[in-house]
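*Asks:* Structure file target14.cif (mmCIF, N, CA and C atoms) is given on the next line.
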```
data_model
loop_
_atom_site.label_atom_id
_atom_site.label_comp_id
_atom_site.auth_asym_id
_atom_site.auth_seq_id
_atom_site.Cartn_x
_atom_site.Cartn_y
_atom_site.Cartn_z
N MET A 1 0.85 -1.18 0.00
CA MET A 1 0.00 0.00 0.00
C MET A 1 0.89 1.24 0.00
N LYS A 2 0.56 2.16 -0.86
CA LYS A 2 1.29 3.43 -0.93
C LYS A 2 0.74 4.39 0.12
N THR A 3 1.63 5.23 0.62
CA THR A 3 1.19 6.27 1.54
C THR A 3 0.64 7.43 0.73
N ILE A 4 -0.05 8.33 1.40
CA ILE A 4 -0.58 9.52 0.74
C ILE A 4 0.58 10.32 0.15
N LYS A 5 1.67 10.41 0.88
CA LYS A 5 2.83 11.16 0.40
C LYS A 5 3.39 10.52 -0.88
N ASP A 6 3.49 9.18 -0.92
CA ASP A 6 3.98 8.48 -2.13
C ASP A 6 3.06 8.74 -3.31
N LEU A 7 1.77 8.67 -3.08
CA LEU A 7 0.80 8.91 -4.15
C LEU A 7 0.88 10.34 -4.66
N GLU A 8 1.08 11.28 -3.75
CA GLU A 8 1.20 12.69 -4.14
C GLU A 8 2.45 12.90 -5.00
N GLU A 9 3.55 12.24 -4.66
CA GLU A 9 4.78 12.35 -5.45
C GLU A 9 4.58 11.76 -6.85
N ILE A 10 3.92 10.62 -6.93
CA ILE A 10 3.62 10.00 -8.23
C ILE A 10 2.75 10.93 -9.06
N ARG A 11 1.75 11.52 -8.43
CA ARG A 11 0.86 12.46 -9.12
C ARG A 11 1.64 13.65 -9.66
N ASN A 12 2.50 14.23 -8.84
CA ASN A 12 3.27 15.40 -9.26
C ASN A 12 4.21 15.07 -10.42
N ARG A 13 4.88 13.93 -10.37
CA ARG A 13 5.76 13.53 -11.48
C ARG A 13 4.97 13.34 -12.77
N THR A 14 3.81 12.73 -12.65
CA THR A 14 2.97 12.51 -13.83
C THR A 14 2.49 13.83 -14.41
N LEU A 15 2.06 14.75 -13.57
CA LEU A 15 1.61 16.06 -14.05
C LEU A 15 2.75 16.82 -14.72
N GLU A 16 3.96 16.72 -14.20
CA GLU A 16 5.11 17.37 -14.83
C GLU A 16 5.34 16.83 -16.23
N ARG A 17 5.25 15.52 -16.39
CA ARG A 17 5.45 14.92 -17.72
C ARG A 17 4.36 15.37 -18.68
N ILE A 18 3.13 15.43 -18.23
CA ILE A 18 2.03 15.87 -19.08
C ILE A 18 2.23 17.32 -19.48
N ASN A 19 2.59 18.18 -18.55
CA ASN A 19 2.79 19.60 -18.85
C ASN A 19 3.95 19.80 -19.82
N ILE A 20 4.99 19.02 -19.70
CA ILE A 20 6.12 19.12 -20.64
C ILE A 20 5.63 18.84 -22.05
N ARG A 21 4.79 17.81 -22.21
CA ARG A 21 4.28 17.49 -23.54
C ARG A 21 3.41 18.61 -24.09
N LYS A 22 2.56 19.20 -23.26
CA LYS A 22 1.65 20.24 -23.72
C LYS A 22 2.39 21.52 -24.08
N GLU A 23 3.40 21.89 -23.32
CA GLU A 23 4.07 23.16 -23.51
C GLU A 23 5.26 23.06 -24.45
N ARG A 24 5.51 21.91 -24.98
CA ARG A 24 6.70 21.70 -25.80
C ARG A 24 6.63 22.52 -27.07
N GLU A 25 7.75 23.16 -27.39
CA GLU A 25 7.89 23.87 -28.65
C GLU A 25 8.22 22.84 -29.73
N GLY A 26 8.00 23.20 -30.95
CA GLY A 26 8.37 22.31 -32.03
C GLY A 26 7.17 21.65 -32.68
N THR A 27 7.46 20.69 -33.50
CA THR A 27 6.45 20.02 -34.32
C THR A 27 6.16 18.64 -33.76
N ARG A 28 4.89 18.27 -33.82
CA ARG A 28 4.48 16.92 -33.41
C ARG A 28 3.80 16.26 -34.61
N VAL A 29 4.25 15.06 -34.94
CA VAL A 29 3.67 14.29 -36.03
C VAL A 29 3.06 13.03 -35.41
N VAL A 30 1.77 12.81 -35.67
CA VAL A 30 1.05 11.69 -35.07
C VAL A 30 0.54 10.78 -36.18
N VAL A 31 0.82 9.49 -36.04
CA VAL A 31 0.39 8.50 -37.03
C VAL A 31 -0.71 7.64 -36.40
N GLY A 32 -1.82 7.49 -37.12
CA GLY A 32 -2.91 6.63 -36.66
C GLY A 32 -2.50 5.17 -36.75
N MET A 33 -2.44 4.50 -35.59
CA MET A 33 -1.98 3.12 -35.55
C MET A 33 -3.04 2.18 -34.95
N ALA A 34 -4.30 2.47 -35.22
CA ALA A 34 -5.34 1.52 -34.85
C ALA A 34 -5.30 0.37 -35.85
N THR A 35 -6.13 -0.61 -35.67
CA THR A 35 -6.14 -1.78 -36.55
C THR A 35 -6.29 -1.38 -38.01
N CYS A 36 -7.18 -0.43 -38.28
CA CYS A 36 -7.40 -0.01 -39.66
C CYS A 36 -6.15 0.63 -40.25
N GLY A 37 -5.46 1.44 -39.48
CA GLY A 37 -4.24 2.08 -39.94
C GLY A 37 -3.13 1.08 -40.19
N ILE A 38 -2.95 0.17 -39.26
CA ILE A 38 -1.91 -0.84 -39.40
C ILE A 38 -2.16 -1.71 -40.62
N SER A 39 -3.41 -2.13 -40.81
CA SER A 39 -3.72 -2.98 -41.96
C SER A 39 -3.58 -2.24 -43.28
N ALA A 40 -3.68 -0.91 -43.26
CA ALA A 40 -3.54 -0.12 -44.48
C ALA A 40 -2.08 0.27 -44.75
N GLY A 41 -1.17 -0.03 -43.80
CA GLY A 41 0.24 0.25 -44.03
C GLY A 41 0.83 1.34 -43.18
N ALA A 42 0.25 1.63 -42.02
CA ALA A 42 0.76 2.72 -41.17
C ALA A 42 2.11 2.42 -40.55
N ARG A 43 2.40 1.15 -40.30
CA ARG A 43 3.66 0.82 -39.64
C ARG A 43 4.88 1.24 -40.48
N PRO A 44 4.93 0.94 -41.79
CA PRO A 44 6.05 1.42 -42.60
C PRO A 44 6.09 2.95 -42.72
N VAL A 45 4.94 3.60 -42.67
CA VAL A 45 4.88 5.07 -42.70
C VAL A 45 5.52 5.62 -41.44
N LEU A 46 5.15 5.07 -40.29
CA LEU A 46 5.72 5.50 -39.01
C LEU A 46 7.24 5.29 -39.02
N LYS A 47 7.67 4.13 -39.48
CA LYS A 47 9.10 3.82 -39.52
C LYS A 47 9.84 4.82 -40.42
N ALA A 48 9.28 5.13 -41.58
CA ALA A 48 9.92 6.08 -42.50
C ALA A 48 10.02 7.47 -41.88
N LEU A 49 8.98 7.89 -41.18
CA LEU A 49 8.99 9.20 -40.51
C LEU A 49 10.10 9.26 -39.46
N VAL A 50 10.16 8.25 -38.61
CA VAL A 50 11.16 8.23 -37.54
C VAL A 50 12.56 8.23 -38.14
N GLU A 51 12.78 7.41 -39.16
CA GLU A 51 14.10 7.34 -39.79
C GLU A 51 14.49 8.68 -40.42
N GLU A 52 13.55 9.33 -41.11
CA GLU A 52 13.85 10.59 -41.78
C GLU A 52 14.13 11.70 -40.77
N VAL A 53 13.33 11.76 -39.72
CA VAL A 53 13.54 12.77 -38.67
C VAL A 53 14.92 12.55 -38.03
N ASN A 54 15.27 11.30 -37.75
CA ASN A 54 16.58 11.01 -37.15
C ASN A 54 17.72 11.30 -38.12
N LYS A 55 17.54 10.93 -39.39
CA LYS A 55 18.57 11.16 -40.39
C LYS A 55 18.88 12.65 -40.53
N ARG A 56 17.85 13.48 -40.44
CA ARG A 56 18.01 14.92 -40.57
C ARG A 56 18.41 15.60 -39.26
N GLY A 57 18.39 14.83 -38.17
CA GLY A 57 18.76 15.39 -36.87
C GLY A 57 17.78 16.43 -36.36
N LEU A 58 16.50 16.24 -36.63
CA LEU A 58 15.47 17.20 -36.23
C LEU A 58 15.12 17.00 -34.76
N ARG A 59 15.69 17.81 -33.89
CA ARG A 59 15.52 17.66 -32.45
C ARG A 59 14.21 18.26 -31.95
N ASP A 60 13.59 19.14 -32.73
CA ASP A 60 12.36 19.79 -32.29
C ASP A 60 11.12 19.11 -32.87
N VAL A 61 11.27 17.86 -33.32
CA VAL A 61 10.16 17.12 -33.91
C VAL A 61 9.93 15.85 -33.11
N ILE A 62 8.68 15.63 -32.72
CA ILE A 62 8.29 14.40 -32.03
C ILE A 62 7.39 13.62 -32.97
N VAL A 63 7.73 12.36 -33.20
CA VAL A 63 6.88 11.46 -33.98
C VAL A 63 6.27 10.48 -32.99
N SER A 64 4.94 10.41 -32.98
CA SER A 64 4.26 9.51 -32.05
C SER A 64 3.12 8.80 -32.77
N GLN A 65 2.51 7.90 -32.06
CA GLN A 65 1.38 7.17 -32.62
C GLN A 65 0.17 7.34 -31.74
N THR A 66 -0.98 7.13 -32.36
CA THR A 66 -2.24 7.23 -31.64
C THR A 66 -3.14 6.10 -32.12
N GLY A 67 -4.28 5.99 -31.52
CA GLY A 67 -5.25 4.99 -31.94
C GLY A 67 -6.04 5.50 -33.14
N CYS A 68 -7.28 5.16 -33.16
CA CYS A 68 -8.14 5.50 -34.29
C CYS A 68 -8.34 7.02 -34.40
N ILE A 69 -8.10 7.53 -35.58
CA ILE A 69 -8.32 8.95 -35.86
C ILE A 69 -9.76 9.16 -36.33
N GLY A 70 -10.38 8.11 -36.81
CA GLY A 70 -11.80 8.17 -37.15
C GLY A 70 -12.12 8.32 -38.63
N ILE A 71 -11.12 8.22 -39.47
CA ILE A 71 -11.36 8.33 -40.91
C ILE A 71 -10.71 7.13 -41.61
N CYS A 72 -11.21 5.95 -41.28
CA CYS A 72 -10.60 4.69 -41.71
C CYS A 72 -10.42 4.57 -43.21
N GLU A 73 -11.32 5.11 -43.99
CA GLU A 73 -11.22 4.98 -45.44
C GLU A 73 -10.03 5.73 -46.02
N TYR A 74 -9.42 6.62 -45.22
CA TYR A 74 -8.28 7.42 -45.69
C TYR A 74 -6.94 6.94 -45.12
N GLU A 75 -6.93 5.84 -44.41
CA GLU A 75 -5.70 5.33 -43.80
C GLU A 75 -4.69 4.94 -44.88
N PRO A 76 -3.43 4.97 -44.53
CA PRO A 76 -2.79 5.49 -43.33
C PRO A 76 -2.88 7.02 -43.25
N VAL A 77 -3.11 7.49 -42.02
CA VAL A 77 -3.29 8.92 -41.76
C VAL A 77 -2.19 9.41 -40.83
N LEU A 78 -1.68 10.60 -41.12
CA LEU A 78 -0.79 11.24 -40.17
C LEU A 78 -1.21 12.70 -40.04
N GLU A 79 -1.01 13.23 -38.84
CA GLU A 79 -1.37 14.61 -38.56
C GLU A 79 -0.13 15.36 -38.11
N VAL A 80 0.01 16.59 -38.58
CA VAL A 80 1.14 17.44 -38.23
C VAL A 80 0.62 18.62 -37.42
N TYR A 81 1.19 18.79 -36.24
CA TYR A 81 0.85 19.90 -35.35
C TYR A 81 2.09 20.77 -35.21
N ARG A 82 1.95 22.05 -35.61
CA ARG A 82 3.04 23.02 -35.46
C ARG A 82 2.52 24.19 -34.65
N PRO A 83 3.33 24.72 -33.74
CA PRO A 83 2.87 25.83 -32.91
C PRO A 83 2.39 27.01 -33.76
N GLY A 84 1.22 27.53 -33.41
CA GLY A 84 0.70 28.69 -34.10
C GLY A 84 0.06 28.42 -35.44
N GLU A 85 -0.03 27.15 -35.82
CA GLU A 85 -0.63 26.79 -37.12
C GLU A 85 -1.76 25.80 -36.92
N ASP A 86 -2.65 25.72 -37.92
CA ASP A 86 -3.71 24.72 -37.88
C ASP A 86 -3.11 23.34 -38.09
N LYS A 87 -3.77 22.34 -37.51
CA LYS A 87 -3.37 20.95 -37.72
C LYS A 87 -3.53 20.62 -39.20
N VAL A 88 -2.61 19.83 -39.74
CA VAL A 88 -2.70 19.36 -41.12
C VAL A 88 -2.85 17.85 -41.09
N THR A 89 -3.87 17.34 -41.78
CA THR A 89 -4.12 15.91 -41.83
C THR A 89 -3.76 15.39 -43.21
N TYR A 90 -2.79 14.48 -43.22
CA TYR A 90 -2.36 13.83 -44.47
C TYR A 90 -2.98 12.44 -44.52
N VAL A 91 -3.45 12.05 -45.71
CA VAL A 91 -4.17 10.80 -45.85
C VAL A 91 -3.58 9.94 -46.96
N LYS A 92 -3.94 8.63 -46.89
CA LYS A 92 -3.48 7.65 -47.87
C LYS A 92 -1.96 7.73 -48.04
N MET A 93 -1.29 7.74 -46.90
CA MET A 93 0.16 7.93 -46.88
C MET A 93 0.91 6.65 -47.23
N THR A 94 2.12 6.85 -47.75
CA THR A 94 3.09 5.79 -48.01
C THR A 94 4.40 6.23 -47.37
N PRO A 95 5.36 5.33 -47.22
CA PRO A 95 6.65 5.76 -46.69
C PRO A 95 7.29 6.87 -47.53
N GLU A 96 7.16 6.78 -48.84
CA GLU A 96 7.74 7.80 -49.72
C GLU A 96 7.06 9.15 -49.52
N LYS A 97 5.75 9.14 -49.40
CA LYS A 97 5.02 10.39 -49.15
C LYS A 97 5.41 10.98 -47.79
N ALA A 98 5.61 10.11 -46.80
CA ALA A 98 5.98 10.57 -45.47
C ALA A 98 7.34 11.28 -45.50
N VAL A 99 8.28 10.74 -46.25
CA VAL A 99 9.60 11.38 -46.38
C VAL A 99 9.45 12.76 -47.03
N ARG A 100 8.58 12.86 -48.02
CA ARG A 100 8.36 14.16 -48.67
C ARG A 100 7.72 15.15 -47.70
N VAL A 101 6.80 14.68 -46.87
CA VAL A 101 6.17 15.56 -45.88
C VAL A 101 7.23 16.11 -44.91
N VAL A 102 8.15 15.25 -44.50
CA VAL A 102 9.23 15.73 -43.62
C VAL A 102 10.03 16.82 -44.33
N ALA A 103 10.43 16.56 -45.56
CA ALA A 103 11.27 17.50 -46.29
C ALA A 103 10.56 18.83 -46.56
N GLU A 104 9.34 18.76 -47.04
CA GLU A 104 8.66 19.98 -47.47
C GLU A 104 7.90 20.67 -46.34
N HIS A 105 7.16 19.92 -45.54
CA HIS A 105 6.33 20.55 -44.51
C HIS A 105 7.11 20.76 -43.21
N ILE A 106 7.70 19.70 -42.70
CA ILE A 106 8.36 19.80 -41.40
C ILE A 106 9.60 20.69 -41.48
N VAL A 107 10.43 20.48 -42.50
CA VAL A 107 11.68 21.25 -42.60
C VAL A 107 11.45 22.63 -43.22
N ASN A 108 10.70 22.69 -44.32
CA ASN A 108 10.57 23.95 -45.06
C ASN A 108 9.26 24.70 -44.84
N GLY A 109 8.33 24.14 -44.07
CA GLY A 109 7.11 24.84 -43.73
C GLY A 109 6.07 24.93 -44.83
N LYS A 110 6.22 24.13 -45.89
CA LYS A 110 5.27 24.17 -47.00
C LYS A 110 4.41 22.90 -46.98
N VAL A 111 3.11 23.07 -46.74
CA VAL A 111 2.20 21.94 -46.69
C VAL A 111 2.16 21.25 -48.05
N VAL A 112 2.20 19.93 -48.05
CA VAL A 112 2.10 19.15 -49.29
C VAL A 112 0.60 18.92 -49.53
N THR A 113 -0.02 19.90 -50.16
CA THR A 113 -1.49 19.93 -50.25
C THR A 113 -2.09 18.73 -50.97
N GLU A 114 -1.37 18.15 -51.94
CA GLU A 114 -1.97 17.02 -52.66
C GLU A 114 -2.11 15.77 -51.81
N TYR A 115 -1.50 15.74 -50.63
CA TYR A 115 -1.64 14.59 -49.72
C TYR A 115 -2.63 14.86 -48.59
N THR A 116 -3.20 16.06 -48.53
CA THR A 116 -4.07 16.40 -47.41
C THR A 116 -5.48 15.89 -47.63
N ILE A 117 -6.20 15.81 -46.55
CA ILE A 117 -7.58 15.31 -46.61
C ILE A 117 -8.45 16.18 -47.49
N GLY A 118 -8.18 17.47 -47.57
CA GLY A 118 -8.96 18.37 -48.41
C GLY A 118 -8.76 18.16 -49.89
N SER A 119 -7.71 17.46 -50.28
CA SER A 119 -7.43 17.24 -51.70
C SER A 119 -8.06 15.98 -52.25
N ILE A 120 -8.59 15.11 -51.37
CA ILE A 120 -9.15 13.84 -51.79
C ILE A 120 -10.53 14.06 -52.40
N LYS A 121 -10.71 13.52 -53.59
CA LYS A 121 -12.00 13.59 -54.28
C LYS A 121 -12.71 12.25 -54.12
N LYS A 122 -13.99 12.30 -53.81
CA LYS A 122 -14.76 11.05 -53.63
C LYS A 122 -15.34 10.60 -54.94
#
```
Take the structure in the file and give it back as structure tokens.

*Replies:*
Amino acid sequence: MKTIKDLEEIRNRTLERINIRKEREGTRVVVGMATCGISAGARPVLKALVEEVNKRGLRDVIVSQTGCIGICEYEPVLEVYRPGEDKVTYVKMTPEKAVRVVAEHIVNGKVVTEYTIGSIKK
């Protein structure tokens, strides 16, 4: 059994980690890795993103994964969050497209509009 003091310390450490994530400067790239994303090829997309970010030495970029984003027909999906900008949702991604997103959007600040959800025609 933990004491109240132990629980309070655990709580404080957890809150510090959460606040660090929220207040972090830089870019966050999130890949949908629910069952639908994985079956559509999200794992190689995630791997390509991580490798490209590491190859370029981008220290202000976090690549992470999440569960279902809710647009299964557009998987694999990745979202880019940059401070002061609207979220950009890229759809039907491939490892090659992911590398281009890193080069053009993450590094140079130019959204690759032909890969965004707004560019998809039904």

*Asks:* Would you give me, as number ranges by chain, the residues in chain A that DSSP reads as strand (DSSP E)?

*Replies:* A: 27-32, 61-66, 78-81, 88-90

*Asks:* One decimal, Å: what's the distance from atom CA of A:Arg13 over to atom CA of A:Thr66, could you say?

*Replies:*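 The value is 22.6 Å.
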
*Asks:* Can you tell me how far atom N of A:Ala40 sits from atom C of A:Thr94, in Å to one decimal?

*Replies:* 11.5 Å

*Asks:* Run the PyMOL selection byres ((chain A and resi 33) around 6.5) mentally over the shown coordinates, then write out the matched residues as an mmCIF file with N, CA and C atoms, keeping the file's coordinate frame, using the chain letters and numbers from the document.

*Replies:*
```
data_model
loop_
_atom_site.group_PDB
_atom_site.id
_atom_site.type_symbol
_atom_site.label_atom_id
_atom_site.label_comp_id
_atom_site.auth_asym_id
_atom_site.auth_seq_id
_atom_site.Cartn_x
_atom_site.Cartn_y
_atom_site.Cartn_z
ATOM 1 N N VAL A 31 0.820 9.490 -36.040
ATOM 2 C CA VAL A 31 0.390 8.500 -37.030
ATOM 3 C C VAL A 31 -0.710 7.640 -36.400
ATOM 4 N N GLY A 32 -1.820 7.490 -37.120
ATOM 5 C CA GLY A 32 -2.910 6.630 -36.660
ATOM 6 C C GLY A 32 -2.500 5.170 -36.750
ATOM 7 N N ALA A 34 -4.300 2.470 -35.220
ATOM 8 C CA ALA A 34 -5.340 1.520 -34.850
ATOM 9 C C ALA A 34 -5.300 0.370 -35.850
ATOM 10 N N THR A 35 -6.130 -0.610 -35.670
ATOM 11 C CA THR A 35 -6.140 -1.780 -36.550
ATOM 12 C C THR A 35 -6.290 -1.380 -38.010
ATOM 13 N N CYS A 36 -7.180 -0.430 -38.280
ATOM 14 C CA CYS A 36 -7.400 -0.010 -39.660
ATOM 15 C C CYS A 36 -6.150 0.630 -40.250
ATOM 16 N N GLY A 37 -5.460 1.440 -39.480
ATOM 17 C CA GLY A 37 -4.240 2.080 -39.940
ATOM 18 C C GLY A 37 -3.130 1.080 -40.190
ATOM 19 N N ILE A 38 -2.950 0.170 -39.260
ATOM 20 C CA ILE A 38 -1.910 -0.840 -39.400
ATOM 21 C C ILE A 38 -2.160 -1.710 -40.620
ATOM 22 N N ALA A 42 0.250 1.630 -42.020
ATOM 23 C CA ALA A 42 0.760 2.720 -41.170
ATOM 24 C C ALA A 42 2.110 2.420 -40.550
ATOM 25 N N GLN A 65 2.510 7.900 -32.060
ATOM 26 C CA GLN A 65 1.380 7.170 -32.620
ATOM 27 C C GLN A 65 0.170 7.340 -31.740
ATOM 28 N N THR A 66 -0.980 7.130 -32.360
ATOM 29 C CA THR A 66 -2.240 7.230 -31.640
ATOM 30 C C THR A 66 -3.140 6.100 -32.120
ATOM 31 N N GLY A 67 -4.280 5.990 -31.520
ATOM 32 C CA GLY A 67 -5.250 4.990 -31.940
ATOM 33 C C GLY A 67 -6.040 5.500 -33.140
ATOM 34 N N CYS A 68 -7.280 5.160 -33.160
ATOM 35 C CA CYS A 68 -8.140 5.500 -34.290
ATOM 36 C C CYS A 68 -8.340 7.020 -34.400
ATOM 37 N N ILE A 69 -8.100 7.530 -35.580
ATOM 38 C CA ILE A 69 -8.320 8.950 -35.860
ATOM 39 C C ILE A 69 -9.760 9.160 -36.330
#
```

*Asks:* Within chain A, find each residue whose DSSP state, derived from the backbone, is alpha helix (DSSP H), and express the selection as a ChimeraX atom specification.

*Replies:* /A:4-23,35-40,42-56,95-101

*Asks:* Set the distance at 10 Å and use only C-alpha atoms: which residues neighbour A:Glu96 once local chain neighbours fewer than 3 positions away are removed? I'd like the list as an mmCIF file with N, CA and C atoms, in the coordinates of the input.

*Replies:*
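Output file out-v6.cif is given in full below:
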```
data_model
loop_
_atom_site.group_PDB
_atom_site.id
_atom_site.type_symbol
_atom_site.label_atom_id
_atom_site.label_comp_id
_atom_site.auth_asym_id
_atom_site.auth_seq_id
_atom_site.Cartn_x
_atom_site.Cartn_y
_atom_site.Cartn_z
ATOM 1 N N PRO A 44 4.930 0.940 -41.790
ATOM 2 C CA PRO A 44 6.050 1.420 -42.600
ATOM 3 C C PRO A 44 6.090 2.950 -42.720
ATOM 4 N N VAL A 45 4.940 3.600 -42.670
ATOM 5 C CA VAL A 45 4.880 5.070 -42.700
ATOM 6 C C VAL A 45 5.520 5.620 -41.440
ATOM 7 N N ALA A 48 9.280 5.130 -41.580
ATOM 8 C CA ALA A 48 9.920 6.080 -42.500
ATOM 9 C C ALA A 48 10.020 7.470 -41.880
ATOM 10 N N LEU A 49 8.980 7.890 -41.180
ATOM 11 C CA LEU A 49 8.990 9.200 -40.510
ATOM 12 C C LEU A 49 10.100 9.260 -39.460
ATOM 13 N N MET A 93 -1.290 7.740 -46.900
ATOM 14 C CA MET A 93 0.160 7.930 -46.880
ATOM 15 C C MET A 93 0.910 6.650 -47.230
ATOM 16 N N VAL A 99 8.280 10.740 -46.250
ATOM 17 C CA VAL A 99 9.600 11.380 -46.380
ATOM 18 C C VAL A 99 9.450 12.760 -47.030
ATOM 19 N N ARG A 100 8.580 12.860 -48.020
ATOM 20 C CA ARG A 100 8.360 14.160 -48.670
ATOM 21 C C ARG A 100 7.720 15.150 -47.700
ATOM 22 N N VAL A 101 6.800 14.680 -46.870
ATOM 23 C CA VAL A 101 6.170 15.560 -45.880
ATOM 24 C C VAL A 101 7.230 16.110 -44.910
#
```

*Asks:* From the set A:Arg28, A:Lys5, A:His105, A:Lys92, which residue has the shortest atom-to-atom contact distance to A:Val50, counting only C-alpha atoms?

*Replies:* A:Arg28

*Asks:* Could you list, as a count of residues only, every residue within 6 Å of A:Ile117, counting all atoms listed in the file and ignoring same-chain residues fewer than 5 positions away?

*Replies:* 3

*Asks:* Starting from the sparse input, extend stretch 108-115 of chain A to all heavy atoms and give the output as a compact mmCIF listing (two decimals), in the coordinates of the input.

*Replies:*
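Okay, this is what ended up in result_35.txt:
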```txt
# COMPACT_ATOMS: atom_id res chain seq x y z
N ASN A 108 10.70 22.69 -44.32
CA ASN A 108 10.57 23.95 -45.06
C ASN A 108 9.26 24.70 -44.84
O ASN A 108 9.08 25.78 -45.40
CB ASN A 108 10.78 23.70 -46.55
CG ASN A 108 12.20 23.25 -46.85
OD1 ASN A 108 13.15 23.79 -46.30
ND2 ASN A 108 12.34 22.24 -47.70
N GLY A 109 8.33 24.14 -44.07
CA GLY A 109 7.11 24.84 -43.73
C GLY A 109 6.07 24.93 -44.83
O GLY A 109 5.12 25.70 -44.73
N LYS A 110 6.22 24.13 -45.89
CA LYS A 110 5.27 24.17 -47.00
C LYS A 110 4.41 22.90 -46.98
O LYS A 110 4.92 21.80 -47.16
CB LYS A 110 6.04 24.24 -48.33
CG LYS A 110 5.14 24.33 -49.55
CD LYS A 110 5.97 24.40 -50.83
CE LYS A 110 5.10 24.48 -52.05
NZ LYS A 110 4.44 23.24 -52.39
N VAL A 111 3.11 23.07 -46.74
CA VAL A 111 2.20 21.94 -46.69
C VAL A 111 2.16 21.25 -48.05
O VAL A 111 2.09 21.91 -49.09
CB VAL A 111 0.77 22.40 -46.29
CG1 VAL A 111 -0.22 21.26 -46.34
CG2 VAL A 111 0.81 23.05 -44.91
N VAL A 112 2.20 19.93 -48.05
CA VAL A 112 2.10 19.15 -49.29
C VAL A 112 0.60 18.92 -49.53
O VAL A 112 0.04 17.90 -49.17
CB VAL A 112 2.87 17.81 -49.17
CG1 VAL A 112 2.88 17.08 -50.51
CG2 VAL A 112 4.29 18.04 -48.67
N THR A 113 -0.02 19.90 -50.16
CA THR A 113 -1.49 19.93 -50.25
C THR A 113 -2.09 18.73 -50.97
O THR A 113 -3.19 18.31 -50.64
CB THR A 113 -1.97 21.22 -50.93
OG1 THR A 113 -1.34 21.35 -52.19
CG2 THR A 113 -1.66 22.43 -50.07
N GLU A 114 -1.37 18.15 -51.94
CA GLU A 114 -1.97 17.02 -52.66
C GLU A 114 -2.11 15.77 -51.81
O GLU A 114 -2.80 14.84 -52.21
CB GLU A 114 -1.22 16.72 -53.96
CG GLU A 114 0.21 16.28 -53.79
CD GLU A 114 1.21 17.40 -53.95
OE1 GLU A 114 0.90 18.58 -53.63
OE2 GLU A 114 2.32 17.12 -54.40
N TYR A 115 -1.50 15.74 -50.63
CA TYR A 115 -1.64 14.59 -49.72
C TYR A 115 -2.63 14.86 -48.59
O TYR A 115 -2.87 13.99 -47.77
CB TYR A 115 -0.30 14.22 -49.09
CG TYR A 115 0.81 13.84 -50.03
CD1 TYR A 115 2.13 13.86 -49.60
CD2 TYR A 115 0.58 13.45 -51.34
CE1 TYR A 115 3.17 13.50 -50.42
CE2 TYR A 115 1.62 13.10 -52.18
CZ TYR A 115 2.92 13.13 -51.72
OH TYR A 115 3.95 12.77 -52.53
```
